[in-house]
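All remarks here apply to the structure that follows.
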Amino acid sequence: MERIFNAIGLGLVALAFVASLGRVAYLNWNKAAEESTKYTHIRLAHWQLERGIRNAFDEAAREYEKLHPDVRISQIAIPDRVYTNWLTTQLLGGTAPDIVELGFGSSEDRLAKHFLSLTSLANRPNPYNKGTNLENIPLQNTFYDGMMGGFYPGLMEFYGITLTTNTIRMFVNLDLLKEITGSDSIPADYQELISVCEKTRRFAKKFSRPIIPIASSRYNAPYLMNRFFSSQTQKQTKKIGPPGDFPQNAARTVEAFVDNAWSLDSPDVRSGLELMRKIGREMQPGFMQGTRDDALFYFIQKRALMITTGSWDSSNISSLANFRYGIAPIPTPSKNDPEFGPYVLGTISEAATISGMGLGVTASSKHPETAKDFLLFLASKTGDQRFADTSKLLPAVMDTTPSQAAKPFQINEEGYPPGFNLVASSDWADTSRILNNSYFKLFSHGGNVQEFVDTIRPDFLTAYGTDLARMYSARKRASQRFDVKLAADIQLLSCPPPTNSPAERETKTREAKEKVDLVLSSLNGNDRSTYYLREVGEKLQNKLLSSPR
Amino acid sequence: MNRTLLFLLALAASLLSANAQTQAQTQAQTQSAPPLREAWKNASLFLFNDAFSQFQKEKTTNPREASLGEALSLLGIQPKTQKNLARSLSILTALAAENPSDEIGLAARFHLARIDELHRTEPNLPAARKQYLSLLEDAPASPFSQIAASRIALIDLHLSAPDPASLDETEARLRPLENFLRTPEGKREFHTMVGLVLNTRLGNPTTVLRHLLIASKESFSQKKIESDVLFTIAEIADTQGDTALAKQYYSRFVADFPQDIRTFLIKKRLEDFSAKK
């Protein structure tokens with residue numbers, strides 16, 4: 001009997017021991033693996049394959065490691081073509097790096113679920129700005145654009161901390177320019193641009209060389225075309241609508257069209273289309289079918305004198321071009337231009353440029369506080385300056401100085417808002433489709449403005465109607481979501497997170513109050529525009545019903 | 001025998017107890033926040049499905065708050081269905097009937113109005129307005145009532161005929177609501193709403209100016225809206241020939257929004273004023 005009891009007892013001990021061992025081993029397995037090294041590892045993923053940018057990240061990492069010897073930072077550069085799929089897999093698998101560049105594959109739903117909100121960081125001064133003139137300024141206000149590149153209006157939260165600013169510029173092959181014109185001075189205004197284009201065509205014909213004035217594609221062309229067209233509607237835009245309504249929104253543009261304040265026959269619209277045709281005729285035939293790479297190859301292979309693209313392509317061009325090149329602003333017509341000046345208010349301002357290369361912290365990060373701290377280090381005045389100096393990109397933080405290479409991309413704030421474009425908002429798919437399907441009538445050899453307008457006219461108002469309706473639905477959905485967020489934030493305000501520090505409690509309560517106020521204000525602002533979209537939509541439908549097709 | 005057995009049993013129990021403690025500590029580390037707070041956090045981040053499950057689980061501990069969360073999450077869950085809307089409506093109606101004046105009851109009443117205004121396929125704006133007004137009259141100090149005032153303004157101005165006389169009449173009808181505005185946020189939202197909507201609908205500029213000037217005295221959480229308010233005041237004043245007021249607000253705009261796309265235009269206008277002196 002005694003043996004049986006002992007056996008039972010021993011068995012229980014053994015069972016308990018094995019169960020405990022297994023359980024403890026299971027709980028600590030990940031922790032042990034993590035602690036097997038003495039360093040805190042932070043991984044940063046992005047799609048910037050350019051050497052300068054990778055060097056800039058490396059340099060920042062090494063500097064940070066000097067300040068924090070227990071931290072090691074590594075970067076993973078993933079090509080942009082596979083970035084979305086790669087990130088999706090990593091996020092769903094819970095294996096995403098601590099820090100991830102936002103853009104490809106980071107929809108708002110994904111951000112909410114798989115990333116940490118950085119709003120609290122955005123509202124507090126950056127500790128790495130201590131000793132500088134930005135010391136006591138909330139992080140978001142230390143950026144030229146208020147860090148709006150990291151703000152997601154649909155979520156009402158900051159999810160990214162941005163590092164750079166991008167602008168659109170004209171790149172000119174100086175060797176070719178000198179060969180063609182005898183000078184390497186870049187066209188400074190529209191008339192000079194057209195003159196150089198004409199000389200290029202004559203030169204190509206005379207020497208039987210396959211050179212076109214401007215390399216373009218369906219990716220590059222809109223940057224140029226929108227800029228030129230909107231220079232012609234600047235004055236009109238200022239006149240449409242009541243005082244204060246400038247630059248106008250998409251709904252106001254459509255309402256003005258419905259009210260006949262402007263039409264496809266308005267002189268300024270015709271002038272804008274004529275300008276587009278003139279520029280389009282300087283590009284390679286069929287450019288609207290070409291890709292971004294096609295355009296870049298034309299320029300790199302010296303088959304085009306110029307290309308218009310963003311500062312993000314600068315390092316590509318710099319590493320691939322075996323010729324001298326210059327960079328200049330897009331020479332839209334000035335108000336003194338004899339042909340296109342009458343409708344121009346002035347140079348188009350770039351003040352609304354939004355910062356880019358936003359980095360977010362993933363919710364699965366094992367060291368979120370270190371990851372956030374590294375982002376603050378990167379986004380400090382000295383951090384962003386160092387990053388800009390090495391990457392040769394424009395910095396995003398105030399009071400920093402662009403490197404010599406980035407100077408041509410500096411934002412030009414001295415200018416006026418652009419006028420409206422025919423595609424009233426950049427995401428208006430139906431209006432874009434109608435225009436894209438008919439551009440050949442505008443840009444082809446035998447085409448002209450009248451033929452283009454005649455082709456788009458029958459479906460133009462209908463396209464505005466569907467795009468406006470889509471915008472209305474999106475705004476309505478946003479308000480419906482904000483409703484729930486508002487109630488949730490009010491509840492969260494009434495039960496602040498537990499903390500023993502009174503100062504921390506005060507900060508959290510203040511932040512919670514600001515959050516409620518921001519949502520409330522956004523909800524009302526969004527609803528104002530939703531109601532207005534509905535009113536314009538009803539007006540447009542009435543016009544459609546009363547106009548014979 | 002008994003001593004050996006007792007020792008072994010005690011050893012087994014202590015091992016199991018230590019293991020249980022380790023497990024409890026691990027759980028405490030990962031789930032330290034109160035469950036309803038986590039659910040509201042998810043709702044705030046638009047993770048409505050997660051929030052909904054959490055609210056449902058917590059209905060026994062705090063039934064009214066959890067029911068409010070459940071009803072609101074149902075409004076956010078995609079795809080939107082009539083079934084979810086009806087269920088949400090039923091929960092909110094019950095919460096409002098049970099106690100219409102506690103925080104949960106006031107929130108329920110506000111969202112019943114929001115359903116009529118925004119969530120139904122066909123909105124019922126008069127019904128929404130009636131509920132907002134009743135909320136405002138019953139509990140003006142509630143944050144929901146302060147929002148309700150601006151909602152009434154939006155609905156009334158939207159339903160008004162677009163001619164200037166009708167818009168003036170509507171605006172006059174809205175003025176008594178100003179007596180209910182208790183918080184700076186409530187004042188700012190109401191006057192911004194009336195001013196900007198009237199301006200969009202081409203209402204009387206003097207009336208627009210009155211509302212926006214009151215709004216401009218408060219602090220704004222949305223910089224974009226603040227910049228629009230300042231710019232509109234300055235432009236209306238400029239159009240009406242009130243140079244002093246125009247200059248004051250143009251200057252405030254330039255100082256507060258040096259990076260705005262309108263700043264250069266405004267600087268030029270200020271230079272014109274100086275040149276005319």
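As shown in the structure tokens, the chain order sets the letters A, B, ...; within each chain, residues go from 1, and ligands are also counted from 1 in the order they appear.
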
Who sits within 8 Å of Tyr472 of chain A, only C-alpha atoms, same chain under 6 positions skipped, as a ChimeraX atom specification: /A:530,533-534

Residues of chain A within 7 Å of chain B, counting only C-alpha atoms, as JSON, numbers by chain: {"A": [2, 5, 6, 9, 10, 12, 13, 16, 17, 20, 112, 113, 242, 243, 244, 349, 351, 352, 414, 415, 416, 417, 480, 481, 484, 485, 488, 489, 492, 517, 518, 521]}

Picked from segment 284-376 of chain A by DSSP as helix (DSSP H, G or I), as a PyMOL selection string: chain A and resi 287-289+292-300+311-320+341-343+368-376

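As for atom CA of Met147 of chain A and atom CA of Pro395 of chain A, they are spaced 11.8 Å apart.
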
If you count only C-alpha atoms, which residues fall within 8 Å of Leu89 of chain B, apart from same-chain ones fewer than 2 positions away, as a PDB file with all heavy atoms, in the first residue's frame?
ATOM      1  N   ALA B  71     -23.494  49.119 -29.236  1.00  0.00           N
ATOM      2  CA  ALA B  71     -24.364  49.783 -30.218  1.00  0.00           C
ATOM      3  C   ALA B  71     -23.555  50.631 -31.188  1.00  0.00           C
ATOM      4  O   ALA B  71     -23.810  50.624 -32.402  1.00  0.00           O
ATOM      5  CB  ALA B  71     -25.379  50.658 -29.491  1.00  0.00           C
ATOM      6  N   LEU B  85     -27.933  48.122 -38.029  1.00  0.00           N
ATOM      7  CA  LEU B  85     -28.475  49.453 -37.739  1.00  0.00           C
ATOM      8  C   LEU B  85     -29.673  49.329 -36.797  1.00  0.00           C
ATOM      9  O   LEU B  85     -29.780  50.063 -35.802  1.00  0.00           O
ATOM     10  CB  LEU B  85     -28.869  50.139 -39.052  1.00  0.00           C
ATOM     11  CG  LEU B  85     -29.331  51.588 -38.945  1.00  0.00           C
ATOM     12  CD1 LEU B  85     -28.199  52.479 -38.455  1.00  0.00           C
ATOM     13  CD2 LEU B  85     -29.832  52.108 -40.276  1.00  0.00           C
ATOM     14  N   ALA B  86     -30.556  48.365 -37.108  1.00  0.00           N
ATOM     15  CA  ALA B  86     -31.752  48.171 -36.276  1.00  0.00           C
ATOM     16  C   ALA B  86     -31.354  47.750 -34.861  1.00  0.00           C
ATOM     17  O   ALA B  86     -31.930  48.220 -33.876  1.00  0.00           O
ATOM     18  CB  ALA B  86     -32.647  47.121 -36.919  1.00  0.00           C
ATOM     19  N   ARG B  87     -30.352  46.888 -34.755  1.00  0.00           N
ATOM     20  CA  ARG B  87     -29.905  46.425 -33.433  1.00  0.00           C
ATOM     21  C   ARG B  87     -29.298  47.578 -32.636  1.00  0.00           C
ATOM     22  O   ARG B  87     -29.579  47.740 -31.447  1.00  0.00           O
ATOM     23  CB  ARG B  87     -28.861  45.310 -33.631  1.00  0.00           C
ATOM     24  CG  ARG B  87     -28.707  44.433 -32.416  1.00  0.00           C
ATOM     25  CD  ARG B  87     -27.925  43.202 -32.776  1.00  0.00           C
ATOM     26  NE  ARG B  87     -27.072  42.769 -31.685  1.00  0.00           N
ATOM     27  CZ  ARG B  87     -26.030  41.968 -31.815  1.00  0.00           C
ATOM     28  NH1 ARG B  87     -25.685  41.524 -33.009  1.00  0.00           N
ATOM     29  NH2 ARG B  87     -25.320  41.594 -30.775  1.00  0.00           N
ATOM     30  N   ILE B  91     -30.692  49.144 -29.069  1.00  0.00           N
ATOM     31  CA  ILE B  91     -29.887  49.258 -27.835  1.00  0.00           C
ATOM     32  C   ILE B  91     -29.854  50.710 -27.360  1.00  0.00           C
ATOM     33  O   ILE B  91     -30.058  51.000 -26.182  1.00  0.00           O
ATOM     34  CB  ILE B  91     -28.446  48.747 -28.069  1.00  0.00           C
ATOM     35  CG1 ILE B  91     -28.449  47.260 -28.429  1.00  0.00           C
ATOM     36  CG2 ILE B  91     -27.579  48.971 -26.838  1.00  0.00           C
ATOM     37  CD1 ILE B  91     -27.090  46.725 -28.915  1.00  0.00           C
ATOM     38  N   LEU B  92     -29.627  51.633 -28.303  1.00  0.00           N
ATOM     39  CA  LEU B  92     -29.525  53.054 -27.925  1.00  0.00           C
ATOM     40  C   LEU B  92     -30.861  53.563 -27.382  1.00  0.00           C
ATOM     41  O   LEU B  92     -30.900  54.326 -26.399  1.00  0.00           O
ATOM     42  CB  LEU B  92     -29.090  53.896 -29.132  1.00  0.00           C
ATOM     43  CG  LEU B  92     -27.650  53.677 -29.625  1.00  0.00           C
ATOM     44  CD1 LEU B  92     -27.397  54.428 -30.931  1.00  0.00           C
ATOM     45  CD2 LEU B  92     -26.628  54.137 -28.582  1.00  0.00           C
ATOM     46  N   THR B  93     -31.969  53.131 -28.002  1.00  0.00           N
ATOM     47  CA  THR B  93     -33.300  53.543 -27.529  1.00  0.00           C
ATOM     48  C   THR B  93     -33.512  53.062 -26.098  1.00  0.00           C
ATOM     49  O   THR B  93     -33.990  53.813 -25.242  1.00  0.00           O
ATOM     50  CB  THR B  93     -34.397  52.971 -28.463  1.00  0.00           C
ATOM     51  OG1 THR B  93     -34.069  53.333 -29.804  1.00  0.00           O
ATOM     52  CG2 THR B  93     -35.770  53.512 -28.117  1.00  0.00           C
ATOM     53  N   LEU B 112     -28.631  58.594 -31.341  1.00  0.00           N
ATOM     54  CA  LEU B 112     -29.928  58.340 -31.991  1.00  0.00           C
ATOM     55  C   LEU B 112     -30.189  59.449 -33.015  1.00  0.00           C
ATOM     56  O   LEU B 112     -30.675  59.183 -34.118  1.00  0.00           O
ATOM     57  CB  LEU B 112     -31.049  58.299 -30.943  1.00  0.00           C
ATOM     58  CG  LEU B 112     -31.150  56.988 -30.143  1.00  0.00           C
ATOM     59  CD1 LEU B 112     -32.083  57.142 -28.955  1.00  0.00           C
ATOM     60  CD2 LEU B 112     -31.621  55.837 -31.042  1.00  0.00           C
ATOM     61  N   ILE B 115     -28.003  58.859 -36.027  1.00  0.00           N
ATOM     62  CA  ILE B 115     -28.529  57.807 -36.920  1.00  0.00           C
ATOM     63  C   ILE B 115     -29.538  58.420 -37.877  1.00  0.00           C
ATOM     64  O   ILE B 115     -29.499  58.177 -39.088  1.00  0.00           O
ATOM     65  CB  ILE B 115     -29.142  56.655 -36.092  1.00  0.00           C
ATOM     66  CG1 ILE B 115     -28.024  55.846 -35.427  1.00  0.00           C
ATOM     67  CG2 ILE B 115     -30.017  55.745 -36.972  1.00  0.00           C
ATOM     68  CD1 ILE B 115     -28.487  54.730 -34.523  1.00  0.00           C
TER      69      ILE B 115
END

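Straight-line separation from atom CA of Asn220 of chain A to atom CA of Tyr159 of chain A: 28.6 Å.
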
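What separates atom CA of Pro153 of chain A from atom CA of Ser479 of chain A is a distance of 11.5 Å.
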
Shell of 10 Å around Val423 of chain A, only C-alpha atoms, local chain residues under 6 positions omitted, as a VMD selection string: chain A and resid 226 250 253 to 254 429 to 435 463 to 464 467

Please produce a file of the residues just selected, as a CSV table (one decimal), in the first residue's frame, where the atoms kept are all heavy atoms.
chain,number,residue,atom,x,y,z
A,226,ASN,N,-0.7,69.4,-65.5
A,226,ASN,CA,-1.5,70.0,-64.5
A,226,ASN,C,-1.0,71.4,-64.1
A,226,ASN,O,-1.7,72.4,-64.0
A,226,ASN,CB,-1.6,69.2,-63.2
A,226,ASN,CG,-2.5,68.0,-63.5
A,226,ASN,OD1,-3.2,67.9,-64.5
A,226,ASN,ND2,-2.4,67.0,-62.6
A,250,ALA,N,-12.9,70.9,-54.8
A,250,ALA,CA,-13.5,70.2,-56.0
A,250,ALA,C,-15.0,70.5,-56.2
A,250,ALA,O,-15.5,70.8,-57.3
A,250,ALA,CB,-13.3,68.7,-55.9
A,253,THR,N,-15.5,73.9,-57.7
A,253,THR,CA,-15.2,73.8,-59.2
A,253,THR,C,-16.4,73.3,-60.0
A,253,THR,O,-16.8,73.8,-61.0
A,253,THR,CB,-14.0,72.9,-59.4
A,253,THR,OG1,-12.9,73.4,-58.6
A,253,THR,CG2,-13.5,72.9,-60.9
A,254,VAL,N,-17.0,72.2,-59.4
A,254,VAL,CA,-18.1,71.5,-60.1
A,254,VAL,C,-19.3,72.4,-60.1
A,254,VAL,O,-20.0,72.6,-61.1
A,254,VAL,CB,-18.4,70.1,-59.5
A,254,VAL,CG1,-19.6,69.5,-60.2
A,254,VAL,CG2,-17.2,69.2,-59.7
A,429,ALA,N,-11.6,59.3,-60.7
A,429,ALA,CA,-11.3,58.3,-61.7
A,429,ALA,C,-12.1,58.5,-63.0
A,429,ALA,O,-11.6,58.3,-64.1
A,429,ALA,CB,-11.6,56.9,-61.2
A,430,ASP,N,-13.4,58.8,-62.9
A,430,ASP,CA,-14.2,58.8,-64.2
A,430,ASP,C,-13.8,60.0,-65.1
A,430,ASP,O,-13.7,59.9,-66.3
A,430,ASP,CB,-15.7,59.0,-63.8
A,430,ASP,CG,-16.3,57.6,-63.6
A,430,ASP,OD1,-15.6,56.7,-63.0
A,430,ASP,OD2,-17.4,57.3,-64.2
A,431,THR,N,-13.6,61.2,-64.4
A,431,THR,CA,-13.2,62.3,-65.2
A,431,THR,C,-11.8,62.1,-65.8
A,431,THR,O,-11.6,62.4,-67.0
A,431,THR,CB,-13.1,63.6,-64.3
A,431,THR,OG1,-14.3,63.6,-63.5
A,431,THR,CG2,-13.1,64.9,-65.2
A,432,SER,N,-10.9,61.5,-65.1
A,432,SER,CA,-9.6,61.1,-65.6
A,432,SER,C,-9.7,60.2,-66.8
A,432,SER,O,-9.0,60.4,-67.8
A,432,SER,CB,-8.7,60.4,-64.5
A,432,SER,OG,-8.4,61.3,-63.5
A,433,ARG,N,-10.5,59.2,-66.6
A,433,ARG,CA,-10.7,58.2,-67.7
A,433,ARG,C,-11.1,58.9,-69.0
A,433,ARG,O,-10.6,58.6,-70.1
A,433,ARG,CB,-11.7,57.1,-67.3
A,433,ARG,CG,-11.9,56.0,-68.3
A,433,ARG,CD,-12.8,54.9,-67.8
A,433,ARG,NE,-14.1,55.5,-67.2
A,433,ARG,CZ,-15.1,55.9,-67.9
A,433,ARG,NH1,-15.1,55.9,-69.2
A,433,ARG,NH2,-16.2,56.4,-67.3
A,434,ILE,N,-12.1,59.8,-68.9
A,434,ILE,CA,-12.6,60.4,-70.1
A,434,ILE,C,-11.5,61.3,-70.8
A,434,ILE,O,-11.4,61.2,-72.0
A,434,ILE,CB,-13.9,61.3,-69.7
A,434,ILE,CG1,-15.0,60.4,-69.4
A,434,ILE,CG2,-14.2,62.3,-70.8
A,434,ILE,CD1,-16.3,61.0,-69.2
A,435,LEU,N,-10.8,62.0,-70.0
A,435,LEU,CA,-9.7,62.8,-70.5
A,435,LEU,C,-8.6,61.9,-71.1
A,435,LEU,O,-8.2,62.1,-72.3
A,435,LEU,CB,-9.1,63.7,-69.5
A,435,LEU,CG,-10.0,64.7,-68.8
A,435,LEU,CD1,-9.3,65.7,-67.9
A,435,LEU,CD2,-10.8,65.6,-69.9
A,463,ALA,N,-19.5,62.4,-65.9
A,463,ALA,CA,-18.3,62.0,-65.2
A,463,ALA,C,-18.1,62.8,-63.9
A,463,ALA,O,-17.8,62.2,-62.8
A,463,ALA,CB,-17.1,62.1,-66.0
A,464,TYR,N,-18.4,64.1,-64.0
A,464,TYR,CA,-18.3,64.9,-62.8
A,464,TYR,C,-19.3,64.4,-61.7
A,464,TYR,O,-19.0,64.3,-60.5
A,464,TYR,CB,-18.6,66.4,-63.1
A,464,TYR,CG,-17.4,67.2,-63.3
A,464,TYR,CD1,-17.6,68.6,-63.6
A,464,TYR,CD2,-16.1,66.8,-63.2
A,464,TYR,CE1,-16.5,69.4,-63.8
A,464,TYR,CE2,-15.0,67.6,-63.3
A,464,TYR,CZ,-15.2,68.9,-63.7
A,464,TYR,OH,-14.1,69.7,-63.8
A,467,ASP,N,-18.1,61.1,-60.1
A,467,ASP,CA,-16.9,61.3,-59.2
A,467,ASP,C,-17.4,62.1,-58.0
A,467,ASP,O,-16.9,61.8,-56.9
A,467,ASP,CB,-15.8,62.1,-59.9
A,467,ASP,CG,-15.0,61.2,-60.9
A,467,ASP,OD1,-14.9,60.0,-60.6
A,467,ASP,OD2,-14.5,61.7,-61.9

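Compared by their closest atoms to Val71 of chain A, and using only C-alpha atoms, the residues A:Ile214, A:Ala96, A:Leu177, A:Ala371 rank with A:Ala371 nearest.
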
Shell of 12 Å around segment 193-202 of chain A, only C-alpha atoms, local chain residues under 4 positions omitted, as a PyMOL selection string: chain A and resi 170+172-173+176-189+206-215+275+278-284+303-306+328-333+339

DSSP strand (DSSP E or B) residues within segment 101-203 of chain A, listed as a ChimeraX atom specification: /A:101,115,125,138,143,151-152,157-158,161,164-165,168-173

Counting only C-alpha atoms, the option among A:Arg292, A:Thr362, A:Val18, A:Glu157 closest to Leu44 of chain A: A:Thr362

For Tyr128 of chain A, list every protein, DNA or RNA residue within 7 Å, evaluated using only C-alpha atoms, and leave out those in the same chain fewer than 6 positions away; present the list as a compact mmCIF listing (two decimals) with N, CA, C and O atoms, in the first residue's frame.
# COMPACT_ATOMS: atom_id res chain seq x y z
N LEU A 376 12.57 59.76 -33.20
CA LEU A 376 12.75 61.13 -32.70
C LEU A 376 14.17 61.63 -32.97
O LEU A 376 14.38 62.79 -33.32
N PHE A 377 15.12 60.71 -32.83
CA PHE A 377 16.52 61.04 -33.11
C PHE A 377 16.68 61.43 -34.58
O PHE A 377 17.30 62.45 -34.91
N SER A 380 15.08 64.89 -35.42
CA SER A 380 15.53 66.09 -34.71
C SER A 380 16.19 67.03 -35.72
O SER A 380 16.49 66.63 -36.85
